[in-house]
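Asks: Let me begin by handing over the structure; questions about it come next.
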Amino acid sequence: MKRIVIFASGSGSNAENIIKFFNHTKTAKVTNVLCNNEHAKVFERCKKLEINCLYFNKTEFSSTDVILNRLKKEADYIILAGFLWKIPQRIIDAFPNKIINIHPALLPKYGGKGMYGMNVHKAVKENKETETGITIHFVNANYDEGAIIFQAKTTLLSVDSPEIIAEKIHFLEQKHFPKVIEEVILNKNE
Ligand code: GAR
């Protein structure tokens with residue numbers, strides 16, 4: 001049984017979905033959620049699901065080994081589910097191809113610094129895209145540039161607002177993210 005630690009910064013709908021999915025499989029379990037935003041809704045969700053959710057600050061994350069040491073003890077896989085900070089190189093080095101991110105667009109389009117959440121959907125709308133989607137990828141030192149594992153598309157109508165686009169993306173994320181994580185773990189099972 002592999003151990004998953006989730007990083008989240010906001011609402012945590014993906015974190016909740018992943019926790020629930022792995023409550024019903026023998027492949028892995030979510031042991032902890034780590035969050036860099038004290039006011040994030042993910043704390044409430046974890047409380048209901050009886051999963052430990054721990055707050056950490058920028059110094060602990062980027063300038064000390066506090067989080068790295070914790071991960072070494074508690075994680076086989078790290079899942080970024082709406083997590084908005086760049087992962088320090090030493091965490092990436094300690095978990096090669098074991099850190100997976102979800103991005104709410106079809107990378108390499110709409111990736112990079114500042115491209116997260118509604119910013120992505122607004123840009124997609126402004127550019128009058130006729131489709132968008134999700135990308136699940138391994139994490140490297142650059143925002144949204146690691147090897148792509150999976151993409152799924154959805155069609156857009158010209159009347160779709162950024163909020164409707166967000167809903168379409170949410171649907172794809174809920175449907176695919178936990179299953180793709182499980183496939184990665186099963187394919188790599190050492
Ligand atoms: C998700 O749509 C995720 O793809 C996106 O943030 C949202 C978090 O929602 N991530 C990024 O934009 C990362 N660049 P959630 O907190 O409800 O899971």
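Following the order of the structure tokens, first chain is A, next is B, and so on, with residues numbered from 1 inside each chain and ligands from 1 in the order they appear.
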Can you tell me which residues come within 10 Å of ligand 1 when counting only C-alpha atoms and all ligand atoms, ideally as a short mmCIF file (atom, residue, chain, number, x, y, z; two decimals) with N, CA, C and O atoms, in the first residue's frame?
Replies:
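Heads up, here's the output in pocket-v4.cif:
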```
data_model
loop_
_atom_site.label_atom_id
_atom_site.label_comp_id
_atom_site.auth_asym_id
_atom_site.auth_seq_id
_atom_site.Cartn_x
_atom_site.Cartn_y
_atom_site.Cartn_z
N PHE A 7 -0.75 18.12 -1.63
CA PHE A 7 -0.56 19.55 -1.38
C PHE A 7 -1.74 20.29 -2.00
O PHE A 7 -2.09 20.05 -3.17
N ALA A 8 -2.33 21.20 -1.22
CA ALA A 8 -3.45 22.00 -1.73
C ALA A 8 -3.31 23.43 -1.21
O ALA A 8 -2.68 23.67 -0.18
N SER A 9 -3.93 24.38 -1.94
CA SER A 9 -3.87 25.78 -1.51
C SER A 9 -5.25 26.41 -1.35
O SER A 9 -5.36 27.52 -0.86
N GLY A 10 -6.30 25.74 -1.82
CA GLY A 10 -7.59 26.42 -1.86
C GLY A 10 -8.76 25.57 -1.44
O GLY A 10 -8.77 24.98 -0.36
N SER A 11 -9.74 25.48 -2.33
CA SER A 11 -10.99 24.80 -1.99
C SER A 11 -10.80 23.33 -1.63
O SER A 11 -11.43 22.82 -0.70
N GLY A 12 -9.97 22.65 -2.39
CA GLY A 12 -9.70 21.25 -2.04
C GLY A 12 -10.69 20.24 -2.60
O GLY A 12 -10.76 19.12 -2.10
N SER A 13 -11.43 20.62 -3.65
CA SER A 13 -12.37 19.63 -4.21
C SER A 13 -11.63 18.44 -4.80
O SER A 13 -12.08 17.30 -4.70
N ASN A 14 -10.47 18.68 -5.39
CA ASN A 14 -9.68 17.56 -5.91
C ASN A 14 -9.11 16.72 -4.76
O ASN A 14 -9.13 15.49 -4.83
N ALA A 15 -8.63 17.39 -3.74
CA ALA A 15 -8.10 16.64 -2.58
C ALA A 15 -9.19 15.73 -2.02
O ALA A 15 -8.96 14.53 -1.79
N GLU A 16 -10.38 16.27 -1.84
CA GLU A 16 -11.49 15.47 -1.28
C GLU A 16 -11.79 14.26 -2.17
O GLU A 16 -11.95 13.13 -1.68
N ASN A 17 -11.84 14.49 -3.47
CA ASN A 17 -12.16 13.42 -4.41
C ASN A 17 -11.09 12.31 -4.37
O ASN A 17 -11.40 11.12 -4.41
N ILE A 18 -9.84 12.73 -4.27
CA ILE A 18 -8.73 11.75 -4.24
C ILE A 18 -8.78 10.96 -2.92
O ILE A 18 -8.62 9.74 -2.91
N ALA A 40 -7.85 28.20 3.83
CA ALA A 40 -8.35 27.37 2.72
C ALA A 40 -9.47 26.44 3.18
O ALA A 40 -9.45 25.90 4.29
N LYS A 41 -10.43 26.25 2.26
CA LYS A 41 -11.57 25.38 2.56
C LYS A 41 -11.16 23.91 2.71
O LYS A 41 -11.88 23.10 3.28
N VAL A 42 -9.98 23.60 2.19
CA VAL A 42 -9.53 22.20 2.26
C VAL A 42 -9.43 21.71 3.72
O VAL A 42 -9.62 20.53 4.00
N LEU A 80 -0.15 17.24 -6.28
CA LEU A 80 -0.46 18.66 -6.20
C LEU A 80 -1.87 18.86 -6.74
O LEU A 80 -2.13 18.64 -7.92
N ALA A 81 -2.77 19.23 -5.84
CA ALA A 81 -4.18 19.35 -6.21
C ALA A 81 -4.61 20.79 -5.96
O ALA A 81 -5.12 21.12 -4.88
N GLY A 82 -4.33 21.65 -6.93
CA GLY A 82 -4.62 23.07 -6.74
C GLY A 82 -3.61 23.69 -5.80
O GLY A 82 -3.96 24.52 -4.96
N PHE A 83 -2.34 23.33 -5.95
CA PHE A 83 -1.27 23.88 -5.11
C PHE A 83 -0.50 24.92 -5.93
O PHE A 83 -0.10 24.64 -7.06
N LEU A 84 -0.29 26.10 -5.32
CA LEU A 84 0.14 27.24 -6.15
C LEU A 84 1.59 27.68 -5.97
O LEU A 84 2.00 28.67 -6.56
N TRP A 85 2.37 26.98 -5.16
CA TRP A 85 3.79 27.34 -5.06
C TRP A 85 4.63 26.38 -5.88
O TRP A 85 4.26 25.21 -6.05
N LYS A 86 5.76 26.92 -6.31
CA LYS A 86 6.73 26.09 -7.03
C LYS A 86 7.38 25.10 -6.05
O LYS A 86 7.67 25.47 -4.90
N ASN A 101 1.04 16.69 -10.80
CA ASN A 101 0.23 17.92 -10.73
C ASN A 101 -0.95 17.82 -11.69
O ASN A 101 -0.88 17.15 -12.71
N ILE A 102 -2.03 18.53 -11.34
CA ILE A 102 -3.12 18.70 -12.32
C ILE A 102 -3.18 20.16 -12.71
O ILE A 102 -3.08 21.06 -11.85
N HIS A 103 -3.33 20.40 -14.00
CA HIS A 103 -3.43 21.77 -14.50
C HIS A 103 -4.73 21.90 -15.29
O HIS A 103 -5.05 21.04 -16.10
N PRO A 104 -5.47 23.01 -15.07
CA PRO A 104 -6.81 23.11 -15.68
C PRO A 104 -6.81 23.65 -17.10
O PRO A 104 -7.61 24.53 -17.45
N ALA A 105 -5.90 23.16 -17.94
CA ALA A 105 -5.86 23.55 -19.36
C ALA A 105 -5.06 22.49 -20.10
O ALA A 105 -4.46 21.61 -19.50
N TYR A 110 -1.59 27.79 -21.94
CA TYR A 110 -2.10 28.35 -20.69
C TYR A 110 -1.39 27.80 -19.45
O TYR A 110 -2.02 27.51 -18.44
N GLY A 111 -0.06 27.62 -19.57
CA GLY A 111 0.71 27.20 -18.40
C GLY A 111 1.64 28.31 -17.96
O GLY A 111 1.66 29.39 -18.53
N GLY A 112 2.41 28.04 -16.91
CA GLY A 112 3.43 28.98 -16.45
C GLY A 112 2.96 29.80 -15.26
O GLY A 112 1.82 29.67 -14.80
N LYS A 113 3.85 30.65 -14.79
CA LYS A 113 3.59 31.45 -13.59
C LYS A 113 2.33 32.30 -13.75
O LYS A 113 2.12 32.90 -14.81
N GLY A 114 1.50 32.34 -12.73
CA GLY A 114 0.29 33.16 -12.77
C GLY A 114 -0.89 32.48 -13.45
O GLY A 114 -2.02 32.95 -13.37
N MET A 115 -0.62 31.37 -14.12
CA MET A 115 -1.70 30.65 -14.81
C MET A 115 -2.27 29.58 -13.86
O MET A 115 -1.74 28.46 -13.80
N TYR A 116 -3.26 29.95 -13.11
CA TYR A 116 -3.91 28.99 -12.23
C TYR A 116 -5.38 29.39 -12.08
O TYR A 116 -5.76 30.54 -12.32
N GLY A 117 -6.19 28.39 -11.74
CA GLY A 117 -7.60 28.60 -11.46
C GLY A 117 -8.30 29.46 -12.50
O GLY A 117 -8.14 29.27 -13.70
N MET A 118 -9.04 30.47 -12.01
CA MET A 118 -9.87 31.30 -12.91
C MET A 118 -9.03 32.09 -13.92
O MET A 118 -9.53 32.42 -15.00
N ASN A 119 -7.77 32.40 -13.58
CA ASN A 119 -6.93 33.11 -14.56
C ASN A 119 -6.84 32.33 -15.86
O ASN A 119 -6.86 32.90 -16.95
N VAL A 120 -6.75 31.02 -15.72
CA VAL A 120 -6.64 30.16 -16.90
C VAL A 120 -7.95 30.23 -17.70
O VAL A 120 -7.94 30.44 -18.91
N HIS A 121 -9.07 30.07 -17.01
CA HIS A 121 -10.36 30.02 -17.72
C HIS A 121 -10.69 31.36 -18.38
O HIS A 121 -11.27 31.40 -19.47
N GLY A 133 -9.29 21.81 -21.54
CA GLY A 133 -9.22 20.48 -20.92
C GLY A 133 -8.33 20.48 -19.70
O GLY A 133 -8.03 21.54 -19.13
N ILE A 134 -7.93 19.28 -19.31
CA ILE A 134 -7.06 19.13 -18.15
C ILE A 134 -5.77 18.42 -18.57
O ILE A 134 -5.77 17.64 -19.52
N THR A 135 -4.71 18.72 -17.85
CA THR A 135 -3.44 18.03 -18.05
C THR A 135 -2.95 17.51 -16.70
O THR A 135 -2.87 18.27 -15.74
N ILE A 136 -2.61 16.23 -16.68
CA ILE A 136 -2.01 15.64 -15.47
C ILE A 136 -0.58 15.31 -15.85
O ILE A 136 -0.33 14.66 -16.87
N TYR A 143 7.37 25.60 -13.77
CA TYR A 143 5.91 25.53 -13.71
C TYR A 143 5.34 24.83 -14.94
O TYR A 143 5.62 25.24 -16.09
N ASP A 144 4.56 23.79 -14.75
CA ASP A 144 3.75 23.18 -15.80
C ASP A 144 4.54 22.62 -16.99
O ASP A 144 4.03 22.57 -18.10
N ALA A 166 -14.97 26.73 -15.96
CA ALA A 166 -14.47 26.14 -14.70
C ALA A 166 -15.28 24.90 -14.33
O ALA A 166 -14.71 23.89 -13.88
N GLU A 167 -16.59 24.95 -14.54
CA GLU A 167 -17.43 23.78 -14.22
C GLU A 167 -17.10 22.59 -15.11
O GLU A 167 -17.06 21.45 -14.66
N LYS A 168 -16.88 22.87 -16.39
CA LYS A 168 -16.53 21.79 -17.32
C LYS A 168 -15.19 21.15 -16.93
O LYS A 168 -15.02 19.94 -17.01
N ILE A 169 -14.27 21.99 -16.50
CA ILE A 169 -12.95 21.48 -16.07
C ILE A 169 -13.10 20.68 -14.78
O ILE A 169 -12.52 19.60 -14.63
N HIS A 170 -13.90 21.20 -13.88
CA HIS A 170 -14.13 20.51 -12.60
C HIS A 170 -14.66 19.09 -12.85
O HIS A 170 -14.21 18.13 -12.24
N PHE A 171 -15.58 18.99 -13.80
CA PHE A 171 -16.15 17.68 -14.13
C PHE A 171 -15.04 16.71 -14.60
O PHE A 171 -14.97 15.57 -14.15
N LEU A 172 -14.18 17.21 -15.49
CA LEU A 172 -13.08 16.34 -15.99
C LEU A 172 -12.11 15.96 -14.87
O LEU A 172 -11.64 14.82 -14.81
N GLU A 173 -11.84 16.92 -14.00
CA GLU A 173 -10.89 16.64 -12.90
C GLU A 173 -11.44 15.56 -11.98
O GLU A 173 -10.73 14.63 -11.60
N GLN A 174 -12.72 15.70 -11.64
CA GLN A 174 -13.34 14.74 -10.73
C GLN A 174 -13.36 13.35 -11.36
O GLN A 174 -13.15 12.34 -10.70
N PHE A 177 -8.82 12.43 -12.35
CA PHE A 177 -7.57 12.60 -11.60
C PHE A 177 -7.24 11.39 -10.70
O PHE A 177 -6.15 10.82 -10.82
#
```
Asks: List the neighbours of range 181-184 of chain A out to 8 Å using only C-alpha atoms; skip same-chain residues closer than 6 positions along the sequence, and give me the result as a VMD selection string.
Replies: chain A and resid 27 to 28 100
Asks: Suppose we keep N, CA, C and O atoms; can you now write the selection as a short mmCIF file (atom, residue, chain, number, x, y, z; two decimals), in the first residue's frame?
Replies:
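This went into out_3.cif:
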```
data_model
loop_
_atom_site.label_atom_id
_atom_site.label_comp_id
_atom_site.auth_asym_id
_atom_site.auth_seq_id
_atom_site.Cartn_x
_atom_site.Cartn_y
_atom_site.Cartn_z
N THR A 27 -4.60 0.15 -3.46
CA THR A 27 -3.36 0.62 -4.10
C THR A 27 -2.61 1.62 -3.21
O THR A 27 -1.40 1.55 -3.09
N ALA A 28 -3.36 2.53 -2.63
CA ALA A 28 -2.73 3.61 -1.87
C ALA A 28 -3.74 4.23 -0.91
O ALA A 28 -4.95 4.01 -1.05
N ILE A 100 3.00 14.53 -8.86
CA ILE A 100 2.04 14.66 -9.97
C ILE A 100 1.19 15.90 -9.75
O ILE A 100 0.66 16.11 -8.64
#
```
Asks: Please, which residues of range 9-186 of chain A, numbered as in this document, come out strand (DSSP E) from DSSP, as a ChimeraX atom specification?
Replies: /A:28-35,53-55,77-80,99-103,131-138,148-155
Asks: Neighbours of range 65-69 of chain A within 10 Å (only C-alpha atoms; same-chain residues fewer than 3 positions away dropped), as a PDB file with N, CA and C atoms, in the first residue's frame?
Replies:
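Wrote out.pdb, looks like this:
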```pdb
ATOM      1  N   LEU A  34      -1.189  18.746   3.032  1.00  0.00           N
ATOM      2  CA  LEU A  34      -0.371  19.882   3.461  1.00  0.00           C
ATOM      3  C   LEU A  34      -0.868  21.120   2.731  1.00  0.00           C
ATOM      4  N   PHE A  56       1.609  24.940   6.529  1.00  0.00           N
ATOM      5  CA  PHE A  56       3.043  25.261   6.560  1.00  0.00           C
ATOM      6  C   PHE A  56       3.270  26.608   5.884  1.00  0.00           C
ATOM      7  N   ASN A  57       4.385  27.262   6.256  1.00  0.00           N
ATOM      8  CA  ASN A  57       4.652  28.575   5.666  1.00  0.00           C
ATOM      9  C   ASN A  57       5.794  28.494   4.651  1.00  0.00           C
ATOM     10  N   THR A  59       8.806  29.768   4.566  1.00  0.00           N
ATOM     11  CA  THR A  59      10.155  29.457   5.054  1.00  0.00           C
ATOM     12  C   THR A  59      10.315  27.966   5.252  1.00  0.00           C
ATOM     13  N   GLU A  60       9.333  27.362   5.925  1.00  0.00           N
ATOM     14  CA  GLU A  60       9.415  25.911   6.155  1.00  0.00           C
ATOM     15  C   GLU A  60       9.535  25.158   4.832  1.00  0.00           C
ATOM     16  N   PHE A  61       8.833  25.662   3.847  1.00  0.00           N
ATOM     17  CA  PHE A  61       8.772  24.963   2.564  1.00  0.00           C
ATOM     18  C   PHE A  61      10.034  25.168   1.730  1.00  0.00           C
ATOM     19  N   SER A  62      10.453  26.428   1.633  1.00  0.00           N
ATOM     20  CA  SER A  62      11.491  26.757   0.653  1.00  0.00           C
ATOM     21  C   SER A  62      12.886  26.879   1.241  1.00  0.00           C
ATOM     22  N   LYS A  72       9.692  12.653   3.425  1.00  0.00           N
ATOM     23  CA  LYS A  72      10.531  11.446   3.382  1.00  0.00           C
ATOM     24  C   LYS A  72       9.966  10.374   4.305  1.00  0.00           C
ATOM     25  N   LYS A  73       9.379  10.822   5.432  1.00  0.00           N
ATOM     26  CA  LYS A  73       8.806   9.866   6.387  1.00  0.00           C
ATOM     27  C   LYS A  73       7.424   9.389   5.972  1.00  0.00           C
ATOM     28  N   GLU A  74       6.657  10.261   5.282  1.00  0.00           N
ATOM     29  CA  GLU A  74       5.215   9.998   5.141  1.00  0.00           C
ATOM     30  C   GLU A  74       4.713   9.731   3.725  1.00  0.00           C
ATOM     31  N   ALA A  75       5.565   9.937   2.708  1.00  0.00           N
ATOM     32  CA  ALA A  75       5.014   9.883   1.341  1.00  0.00           C
ATOM     33  C   ALA A  75       5.781   8.960   0.408  1.00  0.00           C
ATOM     34  N   PRO A  88      10.341  23.173  -4.408  1.00  0.00           N
ATOM     35  CA  PRO A  88      11.799  23.341  -4.356  1.00  0.00           C
ATOM     36  C   PRO A  88      12.529  22.149  -4.983  1.00  0.00           C
ATOM     37  N   ARG A  90      15.062  20.446  -4.124  1.00  0.00           N
ATOM     38  CA  ARG A  90      15.463  19.281  -3.325  1.00  0.00           C
ATOM     39  C   ARG A  90      14.297  18.336  -3.050  1.00  0.00           C
ATOM     40  N   ILE A  91      13.072  18.845  -3.094  1.00  0.00           N
ATOM     41  CA  ILE A  91      11.916  17.935  -2.967  1.00  0.00           C
ATOM     42  C   ILE A  91      11.742  17.168  -4.281  1.00  0.00           C
ATOM     43  N   ILE A  92      11.927  17.861  -5.393  1.00  0.00           N
ATOM     44  CA  ILE A  92      11.832  17.186  -6.702  1.00  0.00           C
ATOM     45  C   ILE A  92      12.899  16.094  -6.806  1.00  0.00           C
ATOM     46  N   ALA A  94      14.262  14.436  -4.415  1.00  0.00           N
ATOM     47  CA  ALA A  94      13.992  13.322  -3.488  1.00  0.00           C
ATOM     48  C   ALA A  94      12.844  12.438  -3.975  1.00  0.00           C
ATOM     49  N   PHE A  95      12.018  12.966  -4.873  1.00  0.00           N
ATOM     50  CA  PHE A  95      10.847  12.209  -5.362  1.00  0.00           C
ATOM     51  C   PHE A  95      10.780  12.219  -6.899  1.00  0.00           C
TER      52      PHE A  95
END
```
Asks: Give me, as an NGL selection string, all polymer residues having an atom no more than 8 Å from Lys98 in chain A, counting only C-alpha atoms and skipping those fewer than 4 positions away in the same chain.
Replies: :A and (76-78 or 138)
Asks: As a VMD selection string, which residues of chain A does DSSP assign to helix (DSSP H, G or I)?
Replies: chain A and resid 13 to 23 42 to 49 58 to 62 66 to 74 89 to 94 117 to 126 162 to 188
Asks: Rounded to one decimal in Å, what is the spacing between CA of Leu157 in chain A and CA of Ala123 in chain A?
Replies: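 About the pair CA of Leu157 in chain A and CA of Ala123 in chain A: they are 14.8 Å apart.
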